[in-house]
$ cat entry_13.txt   # compact mmCIF, C-alpha atoms
# COMPACT_ATOMS: atom_id res chain seq x y z
CA MET B 1103 -130.36 -8.45 -29.06
CA ASN B 1104 -127.91 -5.87 -27.76
CA VAL B 1105 -127.85 -6.35 -23.99
CA LYS B 1106 -126.22 -2.98 -23.31
CA LYS B 1107 -128.91 -1.18 -25.26
CA LEU B 1108 -131.54 -3.33 -23.56
CA ASN B 1109 -130.32 -2.19 -20.17
CA HIS B 1110 -130.22 1.35 -21.52
CA ALA B 1111 -133.90 1.07 -22.46
CA ILE B 1112 -134.68 0.29 -18.83
CA GLU B 1113 -132.62 3.29 -17.75
CA VAL B 1114 -134.66 5.47 -20.14
CA LEU B 1115 -137.89 4.32 -18.49
CA LYS B 1116 -136.42 4.88 -15.02
CA GLU B 1117 -135.41 8.41 -15.99
CA ASP B 1118 -138.85 9.24 -17.38
CA LEU B 1119 -140.82 7.83 -14.48
CA GLY B 1120 -138.41 8.56 -11.65
CA ASN B 1121 -139.41 7.01 -8.35
CA ALA B 1122 -142.88 6.24 -9.73
CA LEU B 1123 -141.44 3.11 -11.33
CA VAL B 1124 -141.72 0.35 -8.73
CA ALA B 1125 -140.58 -2.59 -10.87
CA CYS B 1126 -140.36 -3.70 -14.47
CA ASP B 1127 -139.41 -6.72 -16.54
CA ILE B 1128 -138.92 -7.47 -20.21
CA TRP B 1129 -139.65 -11.01 -21.35
CA LEU B 1130 -140.13 -13.00 -24.50
CA THR B 1131 -143.71 -14.11 -25.11
CA GLY B 1132 -144.06 -17.83 -24.64
CA THR B 1133 -141.25 -18.12 -22.10
CA GLY B 1134 -142.47 -15.97 -19.23
CA GLN B 1135 -138.81 -15.56 -18.25
CA SER B 1136 -137.36 -12.08 -17.72
CA ILE B 1137 -134.38 -11.05 -19.87
CA ALA B 1138 -133.91 -7.64 -18.24
CA GLY B 1139 -135.57 -5.71 -15.48
CA PHE B 1140 -135.58 -3.41 -12.52
CA ASN B 1141 -136.62 -4.82 -9.11
CA SER B 1142 -137.46 -7.96 -11.09
CA ASN B 1143 -140.32 -10.14 -9.97
CA PRO B 1144 -140.15 -13.50 -11.80
CA GLN B 1145 -143.55 -14.56 -10.45
CA ALA B 1146 -145.22 -11.43 -11.81
CA THR B 1147 -143.49 -11.94 -15.15
CA ALA B 1148 -144.83 -15.48 -15.46
CA LEU B 1149 -148.32 -14.50 -14.40
CA PHE B 1150 -148.60 -11.46 -16.66
CA GLU B 1151 -147.49 -13.64 -19.52
CA ARG B 1152 -150.60 -15.70 -18.76
CA VAL B 1153 -152.76 -12.61 -18.38
CA THR B 1154 -151.73 -11.44 -21.86
CA GLU B 1155 -152.65 -14.86 -23.19
CA PHE B 1156 -156.06 -14.66 -21.49
CA ILE B 1157 -156.64 -11.18 -22.88
CA ASN B 1158 -155.81 -12.32 -26.39
CA LYS B 1159 -158.14 -15.31 -26.04
CA ALA B 1160 -160.96 -13.24 -24.60
CA LEU B 1161 -160.65 -10.55 -27.25
CA LYS B 1162 -160.65 -13.15 -29.98
CA GLY B 1163 -163.61 -14.98 -28.42
CA ALA B 1164 -165.59 -11.77 -28.10
CA GLY B 1165 -164.90 -10.70 -31.65
CA PHE B 1166 -163.01 -7.59 -30.57
CA PRO B 1167 -159.95 -6.37 -32.47
CA GLY B 1168 -156.62 -7.82 -31.31
CA LEU B 1169 -154.31 -6.39 -28.65
CA LYS B 1170 -152.16 -3.57 -30.06
CA ASN B 1171 -149.62 -1.60 -28.01
CA TYR B 1172 -150.40 -2.09 -24.35
CA TYR B 1173 -152.92 -2.90 -21.67
CA MET B 1174 -153.21 -1.20 -18.35
CA LEU B 1175 -154.69 -2.37 -15.05
CA GLU B 1176 -155.43 0.11 -12.34
CA LEU B 1177 -155.31 -1.57 -8.96
CA GLU B 1178 -156.43 -0.52 -5.53
CA GLY B 1179 -154.08 1.91 -3.84
CA ASP B 1180 -153.23 3.83 -7.03
CA ASN B 1181 -150.95 1.11 -8.34
CA VAL B 1182 -150.93 0.73 -12.08
CA VAL B 1183 -149.69 -2.26 -14.06
CA ILE B 1184 -148.89 -1.67 -17.72
CA VAL B 1185 -147.83 -4.40 -20.11
CA MET B 1186 -146.44 -3.16 -23.42
CA GLN B 1187 -146.45 -5.38 -26.49
CA LEU B 1188 -143.10 -5.00 -28.25
CA LYS B 1189 -141.57 -5.97 -31.56
CA GLY B 1190 -140.17 -9.48 -31.91
CA GLY B 1191 -142.74 -11.01 -29.56
CA TYR B 1192 -141.40 -9.32 -26.43
CA GLN B 1193 -143.44 -7.82 -23.62
CA TRP B 1194 -142.50 -5.18 -21.11
CA GLY B 1195 -144.43 -5.22 -17.86
CA MET B 1196 -144.15 -2.49 -15.27
CA LEU B 1197 -145.65 -1.65 -11.90
CA VAL B 1198 -146.04 2.08 -11.44
CA ASP B 1199 -147.11 4.16 -8.46
CA GLY B 1200 -150.04 6.12 -9.90
CA LYS B 1201 -149.74 8.84 -7.27
CA LYS B 1202 -146.27 9.77 -8.43
CA VAL B 1203 -146.83 10.03 -12.17
CA GLN B 1204 -149.49 11.50 -14.39
CA LEU B 1205 -151.23 9.13 -16.76
CA GLY B 1206 -150.62 11.49 -19.69
CA LEU B 1207 -146.89 11.49 -19.06
CA LEU B 1208 -146.89 7.73 -18.70
CA LEU B 1209 -148.89 6.91 -21.84
CA ASN B 1210 -147.68 9.67 -24.14
CA ILE B 1211 -144.05 10.15 -23.17
CA ALA B 1212 -142.60 7.39 -21.03
CA LEU B 1213 -144.02 4.45 -22.96
CA PRO B 1214 -143.14 5.69 -26.47
CA ASN B 1215 -139.60 6.58 -25.31
CA ALA B 1216 -139.15 3.17 -23.73
CA ARG B 1217 -140.48 1.47 -26.84
CA ARG B 1218 -138.04 3.37 -29.09
CA ALA B 1219 -135.13 2.50 -26.81
CA PHE B 1220 -136.08 -1.18 -26.84
CA GLU B 1221 -136.38 -1.25 -30.63
CA GLU B 1222 -132.86 0.16 -30.85
CA ALA B 1223 -131.67 -2.75 -28.75
CA LEU B 1224 -133.33 -5.17 -31.14
CA GLU B 1225 -131.55 -3.78 -34.24
CA MET M 880 -118.95 -86.01 9.92
CA TRP M 881 -119.93 -84.81 6.46
CA ASN M 882 -122.48 -87.59 6.18
CA ILE M 883 -124.11 -86.65 9.45
CA PHE M 884 -124.64 -83.12 8.23
CA LYS M 885 -125.82 -84.42 4.91
CA LYS M 886 -128.28 -86.69 6.62
CA LYS M 887 -129.53 -83.93 8.86
CA ASN M 888 -130.01 -81.60 5.90
CA THR M 889 -131.91 -84.13 3.93
CA GLN M 890 -134.24 -84.93 6.79
CA LYS M 891 -137.77 -83.63 6.37
CA GLN M 892 -138.65 -80.56 8.47
CA PRO M 893 -141.43 -81.07 11.00
CA GLU M 894 -144.73 -79.59 9.77
CA LYS M 895 -145.86 -78.34 13.18
CA ASN M 896 -145.87 -74.65 12.31
CA LYS M 897 -146.78 -74.95 8.69
CA PRO M 898 -150.23 -73.36 8.11
CA LYS M 899 -152.89 -75.67 6.87
CA SER M 900 -154.19 -75.10 3.43
CA LEU M 901 -157.85 -74.48 2.74
CA GLU M 902 -158.04 -77.91 1.16
CA GLU M 903 -156.77 -79.55 4.36
CA ILE M 904 -159.23 -77.65 6.52
CA LEU M 905 -162.33 -78.07 4.39
CA GLY M 906 -161.50 -81.43 2.91
CA LYS M 907 -160.39 -82.58 -0.51
CA ASP M 908 -163.85 -82.29 -1.99
CA ALA M 909 -164.06 -78.59 -1.27
CA PRO M 910 -163.80 -76.40 -4.36
CA ARG M 911 -160.46 -74.66 -4.88
CA ARG M 912 -161.07 -71.11 -3.67
CA LYS M 913 -159.01 -68.72 -1.61
CA TYR M 914 -161.84 -68.30 0.90
CA PRO M 915 -164.85 -70.49 1.70
CA ARG M 916 -168.13 -70.01 -0.02
CA ARG M 917 -170.27 -71.33 2.85
CA LEU M 918 -170.65 -69.28 6.04
CA GLU M 919 -170.21 -72.31 8.28
CA ASP M 920 -166.72 -72.96 6.91
CA PHE M 921 -165.45 -69.68 8.28
CA LYS M 922 -165.62 -71.15 11.81
CA LYS M 923 -163.11 -73.84 10.83
CA LEU M 924 -160.97 -71.31 9.05
CA SER M 925 -160.65 -68.94 11.99
CA LYS M 926 -158.93 -71.67 14.06
CA THR M 927 -155.87 -71.66 11.89
CA ASP M 928 -152.97 -69.23 11.94
CA SER M 929 -152.64 -68.84 8.24
CA TYR M 930 -155.50 -66.39 7.85
CA THR M 931 -155.43 -63.10 9.67
CA GLU M 932 -158.49 -61.90 11.50
CA LYS M 933 -158.69 -58.90 9.21
CA SER M 934 -158.66 -60.90 6.03
CA ILE M 935 -161.17 -63.38 7.44
CA SER M 936 -163.46 -60.56 8.49
CA LYS M 937 -163.17 -58.91 5.09
CA ASN M 938 -163.92 -62.07 3.18
CA PHE M 939 -166.57 -63.14 5.66
CA ASN M 940 -168.38 -59.89 4.96
CA LYS M 941 -168.13 -60.52 1.23
CA THR M 942 -169.56 -63.96 1.66
CA VAL M 943 -172.34 -62.64 3.92
CA GLN M 944 -173.25 -60.07 1.31
CA ARG M 945 -173.28 -62.65 -1.45
CA VAL M 946 -175.38 -65.10 0.56
CA ALA M 947 -177.76 -62.29 1.58
CA GLN M 948 -178.29 -61.53 -2.10
CA GLU M 949 -178.62 -65.11 -3.22
CA GLU M 950 -180.63 -66.44 -0.28
CA PRO M 951 -182.50 -63.65 1.50
CA GLY M 952 -183.40 -64.40 5.13
CA LYS M 953 -180.63 -66.91 5.65
CA VAL M 954 -178.04 -64.51 6.97
CA SER M 955 -178.00 -62.80 10.33
CA PHE M 956 -175.14 -60.45 11.04
CA SER M 957 -172.76 -61.52 13.77
CA PRO M 958 -171.56 -59.07 16.44
CA LYS M 959 -168.12 -59.29 14.87
CA THR M 960 -169.45 -58.09 11.53
CA ASP M 961 -171.55 -55.39 13.18
CA LEU M 962 -168.52 -54.16 15.07
CA ALA M 963 -166.48 -53.99 11.88
CA HIS M 964 -169.38 -52.22 10.23
CA GLN M 965 -169.55 -49.71 13.09
CA ARG M 966 -165.80 -49.15 12.85
CA GLN M 967 -166.21 -48.44 9.16
CA ILE M 968 -169.03 -45.97 9.88
CA ASN M 969 -166.91 -44.22 12.55
CA SER M 970 -164.00 -44.02 10.16
CA ASN M 971 -166.27 -42.62 7.44
CA ASN M 972 -167.72 -40.08 9.87
CA LYS M 973 -164.23 -38.95 10.80
CA LEU M 974 -163.34 -38.59 7.14
CA THR M 975 -166.54 -36.65 6.46
CA SER M 976 -165.87 -34.29 9.35
CA ASP M 977 -162.28 -33.75 8.14
CA SER M 978 -163.41 -33.22 4.60
CA LYS M 979 -166.01 -30.70 5.78
CA HIS M 980 -163.20 -28.53 7.13
CA LYS M 981 -161.28 -29.00 3.94
CA ASN M 982 -164.38 -28.09 1.95
CA GLN M 983 -164.77 -24.86 3.87
CA ASP M 984 -161.14 -23.97 3.18
CA SER M 985 -161.41 -24.82 -0.47
CA ASP M 986 -164.74 -23.06 -0.85
CA LYS M 987 -163.14 -19.78 -1.92
CA SER M 988 -160.91 -21.40 -4.47
CA ALA M 989 -163.87 -23.43 -5.73
CA LYS M 990 -165.78 -20.20 -6.29
CA LEU M 991 -162.87 -18.76 -8.24
CA ASP M 992 -162.63 -21.97 -10.26
CA LEU M 993 -166.34 -21.78 -10.91
CA GLN M 994 -165.93 -18.28 -12.34
CA LYS M 995 -163.01 -19.40 -14.43
CA ASN M 996 -164.83 -22.45 -15.73
CA LYS M 997 -167.93 -20.47 -16.56
CA ALA M 998 -165.80 -18.08 -18.52
CA LYS M 999 -164.16 -20.96 -20.33
CA ALA M 1000 -167.55 -22.51 -20.96
CA SER M 1001 -168.76 -19.32 -22.55
CA LEU M 1002 -165.87 -19.59 -24.97
CA GLY M 1003 -166.84 -23.16 -25.69
CA GLN M 1004 -163.59 -24.50 -24.26
CA ILE M 1005 -165.12 -26.71 -21.63
CA GLU M 1006 -168.50 -28.16 -20.89
CA GLU M 1007 -170.97 -26.26 -18.76
CA PRO M 1008 -169.60 -26.20 -15.21
CA ASN M 1009 -171.47 -27.95 -12.41
CA ILE M 1010 -169.34 -27.44 -9.35
CA ASN M 1011 -170.42 -27.99 -5.77
CA LEU M 1012 -169.36 -25.01 -3.72
CA ASN M 1013 -169.85 -26.96 -0.48
CA ASN M 1014 -172.03 -29.69 0.94
CA ASN M 1015 -175.13 -27.53 1.19
CA THR M 1016 -174.82 -25.16 -1.71
CA VAL M 1017 -174.98 -26.21 -5.30
CA ALA M 1018 -174.62 -23.65 -8.03
CA ARG M 1019 -176.24 -24.62 -11.24
CA ARG M 1020 -176.96 -22.63 -14.34
CA THR M 1021 -180.33 -22.33 -15.99
CA ASN M 1022 -180.92 -19.76 -18.67
CA SER M 1023 -177.80 -17.81 -17.69
CA THR M 1024 -178.96 -17.35 -14.12
CA VAL M 1025 -177.28 -18.76 -11.05
CA ILE M 1026 -179.74 -20.45 -8.78
CA ASN M 1027 -178.60 -21.11 -5.29
CA GLY M 1028 -179.48 -24.66 -4.39
CA SER M 1029 -179.41 -24.22 -0.64
CA PRO M 1030 -182.85 -24.15 0.91
CA THR M 1031 -181.65 -21.79 3.65
CA ASP M 1032 -179.94 -19.24 1.43
CA SER M 1033 -181.95 -16.52 -0.21
CA PRO M 1034 -181.57 -15.91 -3.95
CA ILE M 1035 -178.94 -13.40 -5.03
CA THR M 1036 -180.98 -10.22 -5.04
CA THR M 1037 -178.01 -7.88 -5.46
CA PHE M 1038 -177.64 -9.11 -9.03
CA ALA M 1039 -180.87 -7.45 -9.97
CA PHE M 1040 -180.14 -4.35 -11.99
CA ASP M 1041 -182.36 -1.56 -13.19
CA THR M 1042 -181.30 -1.66 -16.80
CA LYS M 1043 -183.83 0.91 -17.99
CA ALA M 1044 -182.58 3.52 -15.56
CA PHE M 1045 -178.99 2.68 -16.39
CA LYS M 1046 -179.61 2.92 -20.11
CA MET M 1047 -181.20 6.33 -19.77
CA HIS M 1048 -178.51 7.82 -17.55
CA ALA M 1049 -175.57 6.12 -19.25
CA SER M 1050 -176.69 7.45 -22.61
CA ASN M 1051 -176.69 10.97 -21.15
CA ILE M 1052 -173.19 10.47 -19.77
CA LEU M 1053 -171.83 9.04 -23.01
CA ASN M 1054 -173.47 11.82 -25.02
CA GLN M 1055 -171.21 14.29 -23.22
CA ILE M 1056 -168.36 13.00 -25.33
CA SER M 1057 -168.72 13.45 -29.01
CA GLY M 1058 -166.64 10.43 -29.94
CA LYS M 1059 -167.73 7.09 -31.22
CA VAL M 1060 -168.67 4.40 -28.70
CA TYR M 1061 -169.14 1.00 -30.31
CA LEU M 1062 -170.38 -0.98 -27.38
CA THR M 1063 -171.45 -0.60 -23.76
CA ALA M 1064 -172.28 -3.64 -21.68
CA ILE M 1065 -172.77 -4.62 -18.07
CA ILE M 1066 -172.09 -8.26 -17.23
CA GLY M 1067 -172.50 -10.18 -13.99
CA LYS M 1068 -169.17 -11.31 -12.59
CA ARG M 1069 -170.45 -14.57 -11.13
CA ASP M 1070 -173.15 -15.60 -13.55
CA GLY M 1071 -171.77 -14.11 -16.77
CA LYS M 1072 -175.24 -12.80 -17.56
CA ILE M 1073 -175.50 -9.67 -19.69
CA TYR M 1074 -177.54 -7.15 -17.72
CA PHE M 1075 -177.21 -4.30 -20.15
CA ARG M 1076 -175.96 -4.07 -23.65
CA GLU M 1077 -175.99 -1.41 -26.30
CA GLY M 1078 -174.04 -1.49 -29.51
CA ALA M 1079 -173.03 -3.78 -32.33
CA ASP M 1080 -174.48 -7.27 -32.13
CA HIS M 1081 -171.47 -9.12 -33.45
CA TYR M 1082 -169.47 -8.66 -30.24
CA LYS M 1083 -169.88 -11.66 -27.96
CA VAL M 1084 -169.29 -9.84 -24.72
CA GLU M 1085 -169.98 -12.88 -22.55
CA ALA M 1086 -166.65 -14.26 -23.74
CA MET M 1087 -164.96 -11.51 -21.76
CA ASN M 1088 -165.75 -13.42 -18.55
CA ILE M 1089 -162.58 -15.43 -19.01
CA LEU M 1090 -160.62 -12.21 -18.86
CA VAL M 1091 -162.28 -11.01 -15.67
CA ALA M 1092 -161.83 -14.32 -13.89
CA SER M 1093 -158.21 -14.66 -14.95
CA LEU M 1094 -157.30 -11.09 -14.11
CA GLU M 1095 -158.69 -11.47 -10.62
CA ASN M 1096 -157.02 -14.84 -10.08
CA GLU M 1097 -153.63 -13.82 -11.44
CA THR M 1098 -153.38 -10.49 -9.67
CA ASN M 1099 -154.43 -12.10 -6.39
CA ALA M 1100 -151.83 -14.82 -6.92
CA ILE M 1101 -148.96 -12.31 -7.01
CA GLY M 1102 -150.32 -10.33 -4.10
CA LEU M 1103 -151.53 -7.34 -6.09
CA LYS M 1104 -154.64 -5.62 -4.83
CA GLU M 1105 -158.05 -5.62 -6.45
CA ILE M 1106 -158.38 -4.32 -10.00
CA GLN M 1107 -160.38 -1.12 -10.41
CA HIS M 1108 -160.32 -0.90 -14.18
CA THR M 1109 -158.42 -2.04 -17.25
CA LEU M 1110 -157.66 -0.13 -20.40
CA ILE M 1111 -156.69 -2.21 -23.40
CA ASP M 1112 -155.22 -0.69 -26.52
CA LEU M 1113 -156.68 -2.55 -29.51
CA GLU M 1114 -156.06 -2.73 -33.20
CA GLU M 1115 -158.28 -0.73 -35.59
CA ASP M 1116 -157.80 2.36 -33.37
CA LYS M 1117 -160.13 1.01 -30.76
CA MET M 1118 -159.79 0.85 -27.02
CA LEU M 1119 -161.57 -1.23 -24.43
CA LEU M 1120 -162.26 0.13 -20.97
CA SER M 1121 -163.45 -2.33 -18.33
CA LEU M 1122 -164.68 -1.07 -14.98
CA PHE M 1123 -164.79 -3.64 -12.20
CA PHE M 1124 -167.55 -3.33 -9.64
CA ASP M 1125 -168.53 -5.64 -6.79
CA LYS M 1126 -170.89 -7.88 -8.71
CA HIS M 1127 -170.60 -6.68 -12.28
CA TYR M 1128 -168.16 -5.32 -14.77
CA LEU M 1129 -168.80 -2.69 -17.37
CA LEU M 1130 -167.26 -2.77 -20.82
CA ILE M 1131 -166.96 0.21 -23.13
CA LEU M 1132 -165.45 -0.21 -26.56
CA PHE M 1133 -164.64 3.13 -28.12
CA GLU M 1134 -162.72 4.74 -30.93
CA GLN M 1135 -159.35 6.15 -29.93
CA ASN M 1136 -159.30 8.87 -32.56
CA SER M 1137 -162.49 10.49 -31.39
CA VAL M 1138 -162.43 9.70 -27.66
CA THR M 1139 -159.21 10.06 -25.74
CA PRO M 1140 -158.41 7.61 -22.94
CA GLY M 1141 -158.32 10.66 -20.66
CA GLN M 1142 -161.93 11.54 -21.47
CA MET M 1143 -162.99 7.99 -20.72
CA LEU M 1144 -160.97 7.63 -17.55
CA TYR M 1145 -161.51 11.04 -16.00
CA ILE M 1146 -164.92 12.17 -17.29
CA VAL M 1147 -166.98 9.12 -18.18
CA ARG M 1148 -165.65 6.64 -15.65
CA PRO M 1149 -166.39 8.55 -12.43
CA GLU M 1150 -169.93 9.31 -13.58
CA LEU M 1151 -170.64 5.74 -14.62
CA GLU M 1152 -169.27 4.46 -11.33
CA LYS M 1153 -171.48 6.88 -9.43
CA LEU M 1154 -174.51 5.87 -11.50
CA TYR M 1155 -173.85 2.18 -10.94
CA HIS M 1156 -173.54 2.53 -7.19
CA GLU M 1157 -176.69 4.65 -7.02
CA LEU M 1158 -178.71 2.10 -8.96
CA ILE M 1159 -177.42 -0.84 -6.94
CA GLU M 1160 -178.05 1.00 -3.66
CA ASN M 1161 -181.59 1.92 -4.75
CA LYS M 1162 -182.26 -1.68 -5.68
CA LYS M 1163 -181.14 -2.89 -2.27
CA HIS M 1164 -183.61 -0.60 -0.49

$ encode --input "entry_13.txt" --output "structure tokens"
Amino acid sequence: MNVKKLNHAIEVLKEDLGNALVACDIWLTGTGQSIAGFNSNPQATALFERVTEFINKALKGAGFPGLKNYYMLELEGDNVVIVMQLKGGYQWGMLVDGKKVQLGLLLNIALPNARRAFEEALE
Amino acid sequence: MWNIFKKKNTQKQPEKNKPKSLEEILGKDAPRRKYPRRLEDFKKLSKTDSYTEKSISKNFNKTVQRVAQEEPGKVSFSPKTDLAHQRQINSNNKLTSDSKHKNQDSDKSAKLDLQKNKAKASLGQIEEPNINLNNNTVARRTNSTVINGSPTDSPITTFAFDTKAFKMHASNILNQISGKVYLTAIIGKRDGKIYFREGADHYKVEAMNILVASLENETNAIGLKEIQHTLIDLEEDKMLLSLFFDKHYLLILFEQNSVTPGQMLYIVRPELEKLYHELIENKKH
């Protein structure tokens, strides 16, 4: 893992989302411990690690297809949590202010850009 | 000089303060026990210093109980025993009153646990939950329906759902989009009961309860506000939209190629939410 490129990936996301990005963390699945982030929240990292686990279990139990790229939770007050599933068993969780960014921009531009930047850091 | 000390040291210590053994009190013929078996012997025992009042009282009570079982009618409770009994009752009452407060505090978390356990049970991870919410209310499951055990509480009427009306209107809403919808289901948050379901049979939607319970617990734990909906990107070009209402949640599994997330979130979702609230409101009246 190239740490400089990892930090660059976070900068890419910050640039795309501007002040809509409230906080984000990248962590390795199974550890729940952040390896890079912006306004890091270790508690949220640990808990969303568990949420991903619950989602995987529930999907499997229900006979649905497995989790692919991301899941998104819209919360009260236009806050949106997105957890991206990355290569190498990493996850990237982010809290976004839904009032300040369009969903289309978030899902179709910001997330793919961030994903590409992260994959460069992995190489 | 040395000898004097030696002599003094070898002299036997007076046995004035030495506590008498049970054998000495009750006689050599008495059986070797820590405490007497006969009630009368307790009178002799209480005169000595070697047994504390507490231990005598405790063992006296044991003996009384045993004699009462073995020889009914022989035992009458002494004031001392009654007093100890009353003390025990008072202490128990105090504990019960304290625990009542604790129960009220833990009621909310118990409800959350109940949801979580039910979800787990539906996945076959744990046995069917049977959790007391508080002293008066017992939630038990029969045929996927929560029955409130309290005689004073009315049954949960808000769970009733006009599935026919929902099916008719929801089909109209979903027909607006030309894409493929694999499954639509409405599930009770608390009871895990499926109130409405349309689509492929092989999906065990009740297993999704674990997700709902965990999402609510986890987001509350980190201080995030209530979840309105979730959108999960799945393999096989599918997507799962979950809408969270007060008492139910609605699941829609759809194909990503034919239905965009935007169509689901901004066209279908508001109409389904409106429909749900209308049906629930009508049911209340």

$ interface_residues --input "entry_13.txt" --of "chain B" --to "chain M" --cutoff "9 Å" --atoms "only C-alpha atoms" --output "PyMOL selection string"
chain B and resi 1145-1146+1149-1150+1152-1153+1156-1179+1181+1205-1206

$ atom_distance --input "entry_13.txt" --atom1 "atom CA of B:Val1198" --atom2 "atom CA of B:Asp1180"
8.6 Å

$ atom_distance --input "entry_13.txt" --atom1 "atom CA of M:Gln1055" --atom2 "atom CA of M:Lys1043"
19.1 Å

$ atom_distance --input "entry_13.txt" --atom1 "atom CA of M:Tyr1074" --atom2 "atom CA of M:Phe1124"
13.4 Å

$ residues_near_point --input "entry_13.txt" --point "(-142.7, 2.6, -17.9)" --cutoff "6 Å" --atoms "only C-alpha atoms" --output "list of chain:residue names"
B:Leu1115, B:Met1196, B:Ala1212, B:Leu1213

$ residues_around --input "entry_13.txt" --residues "M:Arg1076" --least-positions-apart "4" --cutoff "10 Å" --atoms "all atoms listed in the file" --output "list in words"
Thr1042, Lys1046, Leu1062, Thr1063, Ala1064, Ile1065, Ile1066, Asp1080, Val1084, Leu1129, Leu1130 and Ile1131 of chain M

$ residues_around --input "entry_13.txt" --residues "stretch 1151-1154 of chain M" --least-positions-apart "4" --cutoff "10 Å" --atoms "all atoms listed in the file" --output "PyMOL selection string"
chain M and resi 1044-1045+1048-1049+1052-1053+1122-1124+1129+1146-1147+1158-1160
